[in-house]
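So this one's final14.txt, compact mmCIF, C-alpha atoms and all ligand atoms:
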```txt
# COMPACT_ATOMS: atom_id res chain seq x y z
CA MET L 1 135.78 317.02 143.78
CA PRO L 2 136.44 313.39 142.86
CA LEU L 3 138.65 313.06 139.80
CA ARG L 4 138.63 310.50 136.99
CA ILE L 5 142.16 309.10 137.09
CA LEU L 6 143.77 306.53 134.81
CA VAL L 7 146.66 304.54 136.26
CA ALA L 8 148.93 302.82 133.70
CA GLY L 9 151.09 300.03 135.11
CA ALA L 10 148.46 299.23 137.75
CA GLY L 11 149.84 295.71 138.10
CA GLY L 12 153.19 296.97 139.44
CA GLN L 13 154.12 297.43 143.09
CA LEU L 14 153.71 301.22 143.17
CA GLY L 15 150.89 301.22 140.61
CA GLY L 16 148.80 298.87 142.77
CA LEU L 17 149.23 300.99 145.88
CA LEU L 18 148.41 304.16 143.94
CA VAL L 19 145.14 302.65 142.74
CA ARG L 20 144.15 301.79 146.33
CA GLU L 21 145.15 305.22 147.69
CA LEU L 22 143.32 307.14 144.95
CA ARG L 23 140.16 305.03 145.35
CA ARG L 24 140.33 305.46 149.13
CA GLY L 25 140.49 309.21 148.48
CA GLY L 26 137.13 308.98 146.69
CA HIS L 27 138.46 309.22 143.13
CA GLU L 28 137.27 307.14 140.24
CA VAL L 29 140.19 305.09 139.00
CA ALA L 30 140.70 303.15 135.79
CA ALA L 31 143.42 300.68 136.78
CA LEU L 32 145.06 299.49 133.57
CA THR L 33 147.59 296.68 133.58
CA ARG L 34 149.77 295.94 130.57
CA ALA L 35 147.05 293.61 129.18
CA ALA L 36 144.64 296.53 129.02
CA LEU L 37 147.09 299.19 127.88
CA ASP L 38 150.51 298.55 126.40
CA VAL L 39 152.05 301.99 126.78
CA THR L 40 154.59 301.35 124.01
CA ARG L 41 151.79 301.15 121.43
CA ARG L 42 151.20 304.80 120.61
CA GLU L 43 148.00 304.29 118.60
CA GLN L 44 146.54 302.19 121.43
CA VAL L 45 147.51 304.84 123.99
CA LEU L 46 145.96 307.66 121.98
CA GLU L 47 142.80 305.68 121.27
CA ARG L 48 142.16 304.04 124.66
CA VAL L 49 143.21 306.90 126.89
CA GLY L 50 141.54 309.40 124.57
CA LYS L 51 138.25 307.47 124.80
CA LEU L 52 138.32 307.29 128.58
CA ARG L 53 138.88 311.04 128.86
CA PRO L 54 140.55 310.95 132.30
CA GLN L 55 141.24 314.17 134.15
CA ALA L 56 144.61 312.74 135.21
CA VAL L 57 146.93 310.03 133.94
CA VAL L 58 149.41 308.40 136.31
CA ASN L 59 152.23 306.41 134.71
CA ALA L 60 153.68 303.71 136.96
CA THR L 61 155.12 301.55 134.18
CA VAL L 62 158.83 300.85 133.90
CA PHE L 63 161.42 298.72 132.18
CA GLY L 64 163.83 297.86 134.98
CA VAL L 65 167.48 298.61 135.70
CA GLU L 66 169.13 295.31 134.69
CA GLU L 67 166.74 294.64 131.80
CA SER L 68 167.45 298.07 130.35
CA GLU L 69 171.17 297.36 130.17
CA GLU L 70 170.43 294.09 128.32
CA ASP L 71 167.76 295.54 126.02
CA PRO L 72 168.21 299.31 125.49
CA LYS L 73 165.65 299.36 122.68
CA THR L 74 162.82 298.22 124.94
CA ALA L 75 164.13 300.54 127.68
CA LEU L 76 163.77 303.48 125.29
CA ALA L 77 160.32 302.31 124.22
CA VAL L 78 158.91 301.94 127.77
CA ASN L 79 160.84 304.51 129.77
CA ALA L 80 160.93 307.29 127.18
CA PHE L 81 158.82 307.00 124.00
CA ALA L 82 155.78 305.64 125.86
CA VAL L 83 156.00 308.67 128.16
CA ARG L 84 155.94 310.89 125.08
CA SER L 85 152.69 309.22 123.92
CA LEU L 86 151.12 309.55 127.37
CA ALA L 87 152.12 313.22 127.56
CA GLU L 88 150.70 313.73 124.07
CA VAL L 89 147.32 312.29 125.04
CA CYS L 90 147.32 314.35 128.25
CA ARG L 91 147.95 317.44 126.17
CA SER L 92 145.08 316.71 123.79
CA SER L 93 142.64 315.76 126.58
CA ASP L 94 143.70 318.49 129.00
CA ALA L 95 144.61 315.90 131.65
CA THR L 96 147.21 316.24 134.40
CA PHE L 97 150.15 313.87 133.91
CA VAL L 98 152.00 312.21 136.79
CA HIS L 99 155.14 310.34 135.84
CA PHE L 100 157.62 308.56 138.11
CA SER L 101 161.36 308.86 137.64
CA SER L 102 164.43 307.79 139.52
CA ASP L 103 167.58 308.73 141.44
CA PHE L 104 169.44 306.94 138.61
CA VAL L 105 169.30 310.15 136.58
CA PHE L 106 172.21 311.30 138.80
CA ASP L 107 175.81 310.07 138.80
CA GLY L 108 176.11 309.75 142.59
CA ALA L 109 179.18 312.00 142.84
CA ALA L 110 177.43 314.49 145.16
CA THR L 111 178.15 314.75 148.87
CA SER L 112 174.85 316.31 149.94
CA PRO L 113 171.30 315.33 148.92
CA TYR L 114 170.43 316.12 145.32
CA ARG L 115 167.90 318.85 144.68
CA GLU L 116 165.61 319.17 141.69
CA THR L 117 167.84 321.94 140.32
CA ASP L 118 170.95 319.71 140.27
CA ARG L 119 172.20 318.61 136.88
CA PRO L 120 171.40 314.99 136.01
CA ASN L 121 174.19 312.84 134.59
CA PRO L 122 172.98 309.25 134.25
CA GLY L 123 175.53 306.45 134.09
CA SER L 124 173.26 303.63 132.89
CA VAL L 125 170.86 302.87 130.07
CA TYR L 126 168.04 302.84 132.62
CA GLY L 127 169.04 306.26 134.00
CA ALA L 128 169.42 307.78 130.54
CA THR L 129 166.03 306.51 129.35
CA LYS L 130 164.37 307.67 132.59
CA LEU L 131 165.90 311.11 132.05
CA LEU L 132 164.55 311.25 128.51
CA GLY L 133 161.17 310.19 129.91
CA GLU L 134 161.31 313.16 132.29
CA VAL L 135 161.83 315.50 129.35
CA TYR L 136 158.88 314.01 127.44
CA ALA L 137 156.62 314.06 130.53
CA GLN L 138 157.13 317.80 130.72
CA GLY L 139 155.43 318.06 127.33
CA ALA L 140 152.08 317.73 129.11
CA PRO L 141 150.87 321.21 130.06
CA ARG L 142 150.13 320.16 133.68
CA HIS L 143 152.65 317.58 134.86
CA PHE L 144 154.35 316.22 137.95
CA VAL L 145 157.56 314.25 137.51
CA LEU L 146 158.15 312.48 140.80
CA ARG L 147 161.62 311.05 141.38
CA VAL L 148 161.46 308.13 143.80
CA GLU L 149 164.04 305.58 144.96
CA SER L 150 164.41 302.40 147.02
CA LEU L 151 160.65 301.91 147.21
CA PHE L 152 159.38 299.74 150.07
CA GLY L 153 156.20 298.79 151.88
CA ASN L 154 154.49 296.61 149.32
CA PRO L 155 152.32 293.97 151.00
CA GLU L 156 153.74 291.33 148.66
CA GLY L 157 157.25 292.23 149.85
CA LYS L 158 159.00 292.50 146.50
CA SER L 159 161.57 295.22 147.16
CA THR L 160 165.05 294.97 148.69
CA ILE L 161 163.92 296.61 151.94
CA ASP L 162 160.81 294.42 152.18
CA ARG L 163 162.94 291.31 151.65
CA MET L 164 165.39 292.53 154.30
CA CYS L 165 162.44 292.84 156.73
CA VAL L 166 161.46 289.24 156.05
CA ASP L 167 165.03 288.01 156.67
CA ILE L 168 165.51 290.08 159.82
CA ARG L 169 162.14 289.02 161.21
CA ALA L 170 163.22 285.42 160.63
CA GLY L 171 166.47 286.09 162.51
CA ARG L 172 168.63 285.47 159.43
CA THR L 173 171.94 287.24 158.87
CA VAL L 174 171.79 289.97 156.24
CA SER L 175 174.55 291.65 154.25
CA ALA L 176 174.20 295.33 153.44
CA PHE L 177 176.31 297.96 151.65
CA TYR L 178 178.08 300.46 153.88
CA ASP L 179 179.18 302.54 150.91
CA ARG L 180 175.90 303.20 149.12
CA THR L 181 173.58 305.95 150.33
CA VAL L 182 169.88 306.30 149.56
CA SER L 183 166.75 308.17 150.59
CA PRO L 184 164.20 305.35 150.82
CA ALA L 185 160.60 305.99 149.80
CA TYR L 186 157.67 304.34 151.58
CA MET L 187 155.14 303.58 148.88
CA ALA L 188 152.17 304.56 151.07
CA ASP L 189 153.74 308.02 151.50
CA VAL L 190 154.51 308.31 147.78
CA ALA L 191 150.91 307.36 146.94
CA ALA L 192 149.50 309.87 149.46
CA ALA L 193 151.78 312.64 148.12
CA THR L 194 150.68 311.82 144.56
CA ARG L 195 147.01 312.07 145.56
CA ARG L 196 147.59 315.40 147.26
CA LEU L 197 149.42 316.80 144.23
CA LEU L 198 146.55 315.73 141.99
CA GLU L 199 144.00 317.30 144.32
CA GLY L 200 145.93 320.55 144.82
CA LYS L 201 147.17 323.44 142.77
CA ALA L 202 150.94 322.92 142.90
CA ALA L 203 153.01 324.14 139.99
CA SER L 204 154.04 321.63 137.35
CA GLY L 205 157.60 320.38 137.62
CA VAL L 206 160.05 317.80 138.88
CA TYR L 207 159.74 316.83 142.56
CA HIS L 208 161.80 314.50 144.75
CA CYS L 209 159.25 312.25 146.40
CA VAL L 210 161.18 310.30 149.06
CA ASN L 211 161.14 310.09 152.83
CA ALA L 212 163.20 312.69 154.68
CA GLY L 213 166.86 312.01 155.40
CA PHE L 214 169.24 309.47 153.96
CA THR L 215 171.08 306.36 155.01
CA THR L 216 173.52 303.72 153.90
CA TRP L 217 172.02 300.29 153.33
CA HIS L 218 174.01 299.05 156.33
CA GLU L 219 172.57 301.73 158.67
CA LEU L 220 169.12 300.95 157.33
CA ALA L 221 169.48 297.23 158.07
CA MET L 222 170.75 298.06 161.57
CA GLU L 223 167.71 300.30 162.14
CA LEU L 224 165.45 297.46 161.01
CA THR L 225 167.00 295.01 163.48
CA ARG L 226 166.56 297.64 166.22
CA GLN L 227 162.92 298.34 165.39
CA ILE L 228 162.05 294.66 164.94
CA GLY L 229 164.04 293.69 168.04
CA SER L 230 165.72 290.90 166.13
CA PRO L 231 169.00 289.19 167.03
CA SER L 232 169.91 289.12 163.30
CA SER L 233 173.43 290.19 162.56
CA VAL L 234 174.09 292.65 159.78
CA VAL L 235 177.29 292.17 157.81
CA PRO L 236 178.69 295.38 156.26
CA VAL L 237 179.84 294.80 152.69
CA SER L 238 181.27 297.07 150.02
CA ALA L 239 179.35 297.66 146.81
CA ASP L 240 182.74 297.65 145.07
CA GLY L 241 183.07 293.96 145.76
CA ILE L 242 179.90 293.11 143.83
CA ALA L 243 180.27 292.41 140.13
CA SER L 244 177.53 294.26 138.27
CA LYS L 245 177.03 295.22 134.66
CA VAL L 246 174.98 298.24 135.69
CA PHE L 247 176.30 301.55 136.98
CA ARG L 248 174.54 302.51 140.23
CA PRO L 249 175.03 305.90 141.87
CA LYS L 250 176.93 305.56 145.16
CA PHE L 251 175.42 308.63 146.78
CA ALA L 252 171.78 308.80 145.75
CA ALA L 253 170.26 310.85 148.56
CA LEU L 254 167.48 313.16 147.41
CA SER L 255 166.20 316.23 149.22
CA ASN L 256 162.39 316.32 149.51
CA GLU L 257 162.36 319.96 150.61
CA LYS L 258 160.59 321.24 147.49
CA LEU L 259 157.56 319.03 148.23
CA ALA L 260 157.73 319.87 151.94
CA ASN L 261 157.58 323.57 151.06
CA LEU L 262 154.20 322.86 149.44
CA GLY L 263 153.00 321.36 152.73
CA ILE L 264 153.45 317.80 151.44
CA GLU L 265 155.88 316.48 154.03
CA LEU L 266 157.17 312.94 153.80
CA PRO L 267 158.35 311.95 157.30
CA SER L 268 161.79 310.55 158.05
CA TRP L 269 162.76 307.16 156.62
CA GLN L 270 162.99 305.79 160.19
CA ASN L 271 159.40 306.85 160.87
CA ALA L 272 158.33 305.33 157.54
CA LEU L 273 160.06 302.03 158.39
CA SER L 274 158.19 301.82 161.67
CA ARG L 275 154.84 302.39 159.95
CA ALA L 276 155.70 299.82 157.28
CA LEU L 277 156.63 297.28 159.97
CA ALA L 278 153.33 297.89 161.76
CA ALA L 279 151.28 297.44 158.57
CA PRO L 280 149.72 294.03 157.90
CA PRO L 281 152.31 291.87 156.10
CA SER L 282 149.98 290.66 153.37
CA GLY L 283 146.36 290.14 152.52
CA ALA L 284 146.14 292.76 149.83
CA THR L 285 143.94 291.69 146.99
CA PRO L 286 145.34 292.03 143.48
CA ILE L 287 144.25 295.13 141.63
CA PRO L 288 141.55 294.20 139.16
CA SER L 289 142.18 295.82 135.82
CA SER L 290 139.35 297.92 134.49
CA GLY L 291 139.98 296.24 131.16
CA VAL L 292 139.56 298.14 127.95
CA ARG L 293 135.98 299.17 128.62
CA PRO L 294 135.43 302.75 129.78
CA ALA L 295 135.72 302.90 133.54
CA PHE L 296 134.28 306.36 133.82
CA PRO L 297 130.74 307.55 133.23
CA ARG L 298 130.56 309.76 130.15
CA SER L 299 129.40 313.27 130.72
N1 LIG M 1 161.25 300.14 142.68
C1 LIG M 1 162.09 301.12 143.03
O1 LIG M 1 162.79 301.07 144.05
C2 LIG M 1 162.17 302.35 142.16
C3 LIG M 1 163.31 303.18 142.27
C4 LIG M 1 163.37 304.33 141.50
C5 LIG M 1 162.34 304.65 140.63
N2 LIG M 1 161.26 303.82 140.54
C6 LIG M 1 160.19 304.20 139.60
O2 LIG M 1 158.91 303.98 140.18
C7 LIG M 1 157.99 303.60 139.17
C8 LIG M 1 157.26 302.33 139.59
O3 LIG M 1 158.22 301.30 139.79
P1 LIG M 1 157.81 299.88 140.40
O4 LIG M 1 158.95 299.40 141.22
O5 LIG M 1 156.45 299.94 141.02
O6 LIG M 1 157.74 298.99 139.09
P2 LIG M 1 157.21 297.49 138.91
O7 LIG M 1 156.70 296.92 140.18
O8 LIG M 1 158.27 296.76 138.16
O9 LIG M 1 155.94 297.70 137.96
C9 LIG M 1 156.10 298.19 136.67
C10 LIG M 1 154.85 297.85 135.89
O10 LIG M 1 155.03 298.36 134.56
C11 LIG M 1 154.38 297.45 133.69
N3 LIG M 1 154.85 297.59 132.32
C12 LIG M 1 156.08 297.35 131.82
N4 LIG M 1 156.07 297.56 130.49
C13 LIG M 1 154.81 297.93 130.17
C14 LIG M 1 154.16 298.29 128.94
N5 LIG M 1 154.82 298.26 127.78
N6 LIG M 1 152.86 298.64 128.98
C15 LIG M 1 152.16 298.64 130.13
N7 LIG M 1 152.71 298.30 131.33
C16 LIG M 1 154.03 297.96 131.32
C17 LIG M 1 154.74 296.09 134.26
O11 LIG M 1 153.82 295.15 133.76
P3 LIG M 1 154.15 293.58 133.80
O12 LIG M 1 153.91 293.20 135.24
O13 LIG M 1 153.16 293.00 132.86
O14 LIG M 1 155.58 293.43 133.38
C18 LIG M 1 154.60 296.33 135.77
O15 LIG M 1 153.31 296.03 136.21
C19 LIG M 1 158.79 303.47 137.89
O16 LIG M 1 158.69 304.67 137.14
C20 LIG M 1 160.22 303.34 138.36
O17 LIG M 1 161.17 303.84 137.43
C21 LIG M 1 161.16 302.68 141.26
```
What is this file in C-alpha cells?
Amino acid sequence: MPLRILVAGAGGQLGGLLVRELRRGGHEVAALTRAALDVTRREQVLERVGKLRPQAVVNATVFGVEESEEDPKTALAVNAFAVRSLAEVCRSSDATFVHFSSDFVFDGAATSPYRETDRPNPGSVYGATKLLGEVYAQGAPRHFVLRVESLFGNPEGKSTIDRMCVDIRAGRTVSAFYDRTVSPAYMADVAAATRRLLEGKAASGVYHCVNAGFTTWHELAMELTRQIGSPSSVVPVSADGIASKVFRPKFAALSNEKLANLGIELPSWQNALSRALAAPPSGATPIPSSGVRPAFPRS
C-alpha cells in the first residue's frame, strides 16, 4: 500500500535522497524544505503537519557539528525541541516517526562496534542535543531512530568521502586520519532501509543504520584509490594533530546487526563504495518542495 509520507529537511543531502527513494517506491511524498516547514516553530509544525495528515513523518533536518558548538541554543532548538514537536504531531495524527541520529552520541572509548544497547556518553554540544532528540523521538508511539554516520553518495558530492572521491579521481594527494574509525553509511542504502522500515512491521526503537564493517579514514582512502585505480598517494595523519573546538569520537564504529536481524542488511562499506563510484556523478535534479499546500489527497 502506498503511504503518504512527509519529509522534513528535504533540501538536505540525505533528505533529498530519501524523497527520491520513497517516490521511486510508489509512495506519495510531501518534500518540505525549511522554507515550507521550519521545524523549530512548534505552532507551524503542529498546524502544517497536522493539516497534511501524513501516515509517516521523516525528519532529516539537523544543526551541524561545528555550528552546534558555536550556537548551542539553536542546536537545542533544531536537534532536540523540534524533534519533540514532530513526535507530538505524530502522536496526535497516529503517524510513524523516523528520526536520524548520530554516532556522536557515543564517546568513542569502545574497542568493538557500538550496539544499540550501549550507553551513550556524548562529548559535544551536537552529540548531546542529538541524544536529547533521540529521547523526544521515542515519544511518538511508532518510531524509528536511525543512527547514521559518515554519510556518502550524494550526487552533489558534499560529504568528506564524496570529496575524497573527487580528489582521488583527479589524482590529487589526500590526507586521511589513521587513528579515527568509522562505519560509513551509503545514503542510497540508508534511504532503502528507511523505506523498508516504513513499509514493514518492525518494532519501534533505535537502530544503527550504517554499512557493515568499519574502517579508519586512511584505510578508506586507500580502498578508494584501489577501486578507482588512481595513482593518488594517501598521507596518513593523526587526528590529534588537528586543532578542533569540537570533540569527535575516535572509535565510532556501529554494529548494524539489529537491522540485519530484521532482514534489512546493509552490505559492507567496501561494496557500498564500489556502488557509489559506479553511480552517475551528478545530474540529479533538486528536490522541488511541495510548498505549504497539501501534497496529499484528502480522504
Ligand atoms: N552527514 C553525516 O555524515 C551525518 C553523520 C551522522 C548523522 N547524520 C544525521 O543525518 C541526518 C541528515 O544529515 P545531512 O547530512 O543530510 O544534513 P544536511 O545535508 O546538512 O541537511 C540538513 C537539512 O536540515 C535543514 N534544516 C536545518 N534547520 C532547519 C529548520 N529549523 N527547519 C527546517 N529545516 C531545517 C537544512 O536546511 P537549510 O539547507 O535551509 O539549512 C538542510 O536542508 C541528520 O539527522 C544528521 O544528524 C549525518
* Given a cut-off of 7 Å, what residues near ligand LIG 1 (chain M) show up using all atoms listed in the file, put as a VMD selection string? -> chain L and resid 8 to 15 33 to 34 37 to 40 60 to 64 78 99 to 103 130 147 to 151 159
Could you dump the residues just selected with C-alpha atoms as an mmCIF file, keeping the file's coordinate frame?
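Ended up saving to result-v2.cif:
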```
data_model
loop_
_atom_site.group_PDB
_atom_site.id
_atom_site.type_symbol
_atom_site.label_atom_id
_atom_site.label_comp_id
_atom_site.auth_asym_id
_atom_site.auth_seq_id
_atom_site.Cartn_x
_atom_site.Cartn_y
_atom_site.Cartn_z
ATOM 1 C CA ALA L 8 148.930 302.820 133.700
ATOM 2 C CA GLY L 9 151.090 300.030 135.110
ATOM 3 C CA ALA L 10 148.460 299.230 137.750
ATOM 4 C CA GLY L 11 149.840 295.710 138.100
ATOM 5 C CA GLY L 12 153.190 296.970 139.440
ATOM 6 C CA GLN L 13 154.120 297.430 143.090
ATOM 7 C CA LEU L 14 153.710 301.220 143.170
ATOM 8 C CA GLY L 15 150.890 301.220 140.610
ATOM 9 C CA THR L 33 147.590 296.680 133.580
ATOM 10 C CA ARG L 34 149.770 295.940 130.570
ATOM 11 C CA LEU L 37 147.090 299.190 127.880
ATOM 12 C CA ASP L 38 150.510 298.550 126.400
ATOM 13 C CA VAL L 39 152.050 301.990 126.780
ATOM 14 C CA THR L 40 154.590 301.350 124.010
ATOM 15 C CA ALA L 60 153.680 303.710 136.960
ATOM 16 C CA THR L 61 155.120 301.550 134.180
ATOM 17 C CA VAL L 62 158.830 300.850 133.900
ATOM 18 C CA PHE L 63 161.420 298.720 132.180
ATOM 19 C CA GLY L 64 163.830 297.860 134.980
ATOM 20 C CA VAL L 78 158.910 301.940 127.770
ATOM 21 C CA HIS L 99 155.140 310.340 135.840
ATOM 22 C CA PHE L 100 157.620 308.560 138.110
ATOM 23 C CA SER L 101 161.360 308.860 137.640
ATOM 24 C CA SER L 102 164.430 307.790 139.520
ATOM 25 C CA ASP L 103 167.580 308.730 141.440
ATOM 26 C CA LYS L 130 164.370 307.670 132.590
ATOM 27 C CA ARG L 147 161.620 311.050 141.380
ATOM 28 C CA VAL L 148 161.460 308.130 143.800
ATOM 29 C CA GLU L 149 164.040 305.580 144.960
ATOM 30 C CA SER L 150 164.410 302.400 147.020
ATOM 31 C CA LEU L 151 160.650 301.910 147.210
ATOM 32 C CA SER L 159 161.570 295.220 147.160
#
```
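Proximity to L:Pro236 was assessed for L:Leu254, L:Val65, L:Leu273, L:Ala176 counting all atoms listed in the file; the smallest distance is recorded for L:Ala176.
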* Asked: In Å, with one decimal, what is the gap from atom CA of L:Phe144 to atom CA of L:Met187?
  -> 16.7 Å
* Quick one: everything within 8 Å of L:Gly205, counting only C-alpha atoms, minus sequence neighbours fewer than 6 positions away in the same chain. Send it as a list in words. =>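 Surrounding residues, per the criterion: Gln138, His143, Phe144 and Val145 of chain L.
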* To do: Considering only C-alpha atoms, state which residue in the set L:Leu6, L:Val49, L:Ala239, L:Ala128 is at the smallest distance from L:Glu28.
  =>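 Once distances to L:Glu28 are computed over only C-alpha atoms, the minimum belongs to L:Leu6.
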* Structure fact -> The residue from L:Val98, L:Leu22, L:Ala82, L:Val7 with the smallest atom-to-atom distance to L:Val206, counting only C-alpha atoms, is L:Val98
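With only C-alpha atoms as the basis for measurement, L:Thr96 is the residue among L:Ser183, L:Thr96, L:Ser255, L:Asn271 that approaches L:Glu199 most closely.
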* Dig up all the protein and nucleic acid residues within 6 Å of (162.1, 310.5, 149.4) in the file frame, using all atoms listed in the file, and format them as a PyMOL selection string. => chain L and resi 183-185+209-212+256
I'd like the neighbourhood of L:Leu277 as an mmCIF file with C-alpha atoms, keeping the file's coordinate frame, where a residue qualifies if any of its atoms comes within 9 Å (using only C-alpha atoms), though same-chain residues fewer than 4 positions away should be ignored.
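Saved as part.cif:
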```
data_model
loop_
_atom_site.group_PDB
_atom_site.id
_atom_site.type_symbol
_atom_site.label_atom_id
_atom_site.label_comp_id
_atom_site.auth_asym_id
_atom_site.auth_seq_id
_atom_site.Cartn_x
_atom_site.Cartn_y
_atom_site.Cartn_z
ATOM 1 C CA GLY L 153 156.200 298.790 151.880
ATOM 2 C CA CYS L 165 162.440 292.840 156.730
ATOM 3 C CA LEU L 224 165.450 297.460 161.010
ATOM 4 C CA GLN L 227 162.920 298.340 165.390
ATOM 5 C CA ILE L 228 162.050 294.660 164.940
ATOM 6 C CA ALA L 272 158.330 305.330 157.540
ATOM 7 C CA LEU L 273 160.060 302.030 158.390
ATOM 8 C CA PRO L 281 152.310 291.870 156.100
#
```
* Asked: For L:Asp71, which residue out of L:Leu32, L:Val234, L:Val125, L:Gln270 is the nearest one, using all atoms listed in the file?
  ->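 Closest residue, counting all atoms listed in the file: L:Val125.
Between atom CA of L:Leu220 and atom CA of L:Arg163 lies a distance of 12.8 Å.
Taking atom CA of L:Val89 as the reference point, atom CA of L:Ser68 is found at 25.2 Å.
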* To do: Choose the residue, out of L:Thr173, L:Ser204, L:Thr129, L:Ser112, that has the smallest atom-to-atom separation from L:Lys250; count all atoms listed in the file.
  =>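 Checking each candidate against L:Lys250, we get L:Ser112 as the closest.
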Each side padded by 8 Å, which centre and which edge lengths in Å (one decimal) define the axis-aligned box around the listed atoms of stretch 80-87 of chain L? Give them as AutoDock Vina command-line options.
```
--center_x 156.0 --center_y 309.4 --center_z 126.0 --size_x 25.8 --size_y 23.6 --size_z 20.2
```
Please produce stretch 56-63 of chain L, completed to all heavy atoms, as a short mmCIF file (atom, residue, chain, number, x, y, z; two decimals), keeping the file's coordinate frame.
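Everything below was put into selection.cif:
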```cif
data_model
loop_
_atom_site.label_atom_id
_atom_site.label_comp_id
_atom_site.auth_asym_id
_atom_site.auth_seq_id
_atom_site.Cartn_x
_atom_site.Cartn_y
_atom_site.Cartn_z
N ALA L 56 143.18 312.91 134.88
CA ALA L 56 144.61 312.74 135.21
C ALA L 56 145.07 311.37 134.76
O ALA L 56 144.29 310.41 134.79
CB ALA L 56 144.82 312.90 136.71
N VAL L 57 146.31 311.30 134.33
CA VAL L 57 146.93 310.03 133.94
C VAL L 57 148.16 309.85 134.82
O VAL L 57 148.99 310.76 134.93
CB VAL L 57 147.35 310.05 132.45
CG1 VAL L 57 148.16 308.81 132.10
CG2 VAL L 57 146.13 310.17 131.55
N VAL L 58 148.26 308.69 135.46
CA VAL L 58 149.41 308.40 136.31
C VAL L 58 150.16 307.24 135.67
O VAL L 58 149.59 306.17 135.45
CB VAL L 58 148.95 308.01 137.74
CG1 VAL L 58 150.15 307.67 138.61
CG2 VAL L 58 148.15 309.15 138.37
N ASN L 59 151.44 307.45 135.37
CA ASN L 59 152.23 306.41 134.71
C ASN L 59 153.16 305.72 135.70
O ASN L 59 154.15 306.30 136.12
CB ASN L 59 153.04 307.03 133.57
CG ASN L 59 153.92 305.98 132.89
OD1 ASN L 59 153.57 304.80 132.84
ND2 ASN L 59 155.05 306.42 132.36
N ALA L 60 152.82 304.47 136.04
CA ALA L 60 153.68 303.71 136.96
C ALA L 60 154.34 302.54 136.24
O ALA L 60 154.73 301.57 136.87
CB ALA L 60 152.86 303.22 138.15
N THR L 61 154.47 302.63 134.93
CA THR L 61 155.12 301.55 134.18
C THR L 61 156.64 301.77 134.20
O THR L 61 157.11 302.89 134.38
CB THR L 61 154.68 301.52 132.71
OG1 THR L 61 155.14 302.69 132.05
CG2 THR L 61 153.17 301.43 132.57
N VAL L 62 157.37 300.71 134.00
CA VAL L 62 158.83 300.85 133.90
C VAL L 62 159.44 299.61 133.25
O VAL L 62 158.88 298.52 133.32
CB VAL L 62 159.47 301.08 135.30
CG1 VAL L 62 159.44 299.83 136.17
CG2 VAL L 62 160.90 301.57 135.17
N PHE L 63 160.56 299.82 132.60
CA PHE L 63 161.42 298.72 132.18
C PHE L 63 162.65 298.83 133.08
O PHE L 63 163.30 299.86 133.12
CB PHE L 63 161.78 298.86 130.68
CG PHE L 63 162.35 297.62 130.07
CD1 PHE L 63 161.57 296.46 129.96
CD2 PHE L 63 163.65 297.58 129.60
CE1 PHE L 63 162.08 295.30 129.39
CE2 PHE L 63 164.17 296.43 129.03
CZ PHE L 63 163.39 295.28 128.93
#
```
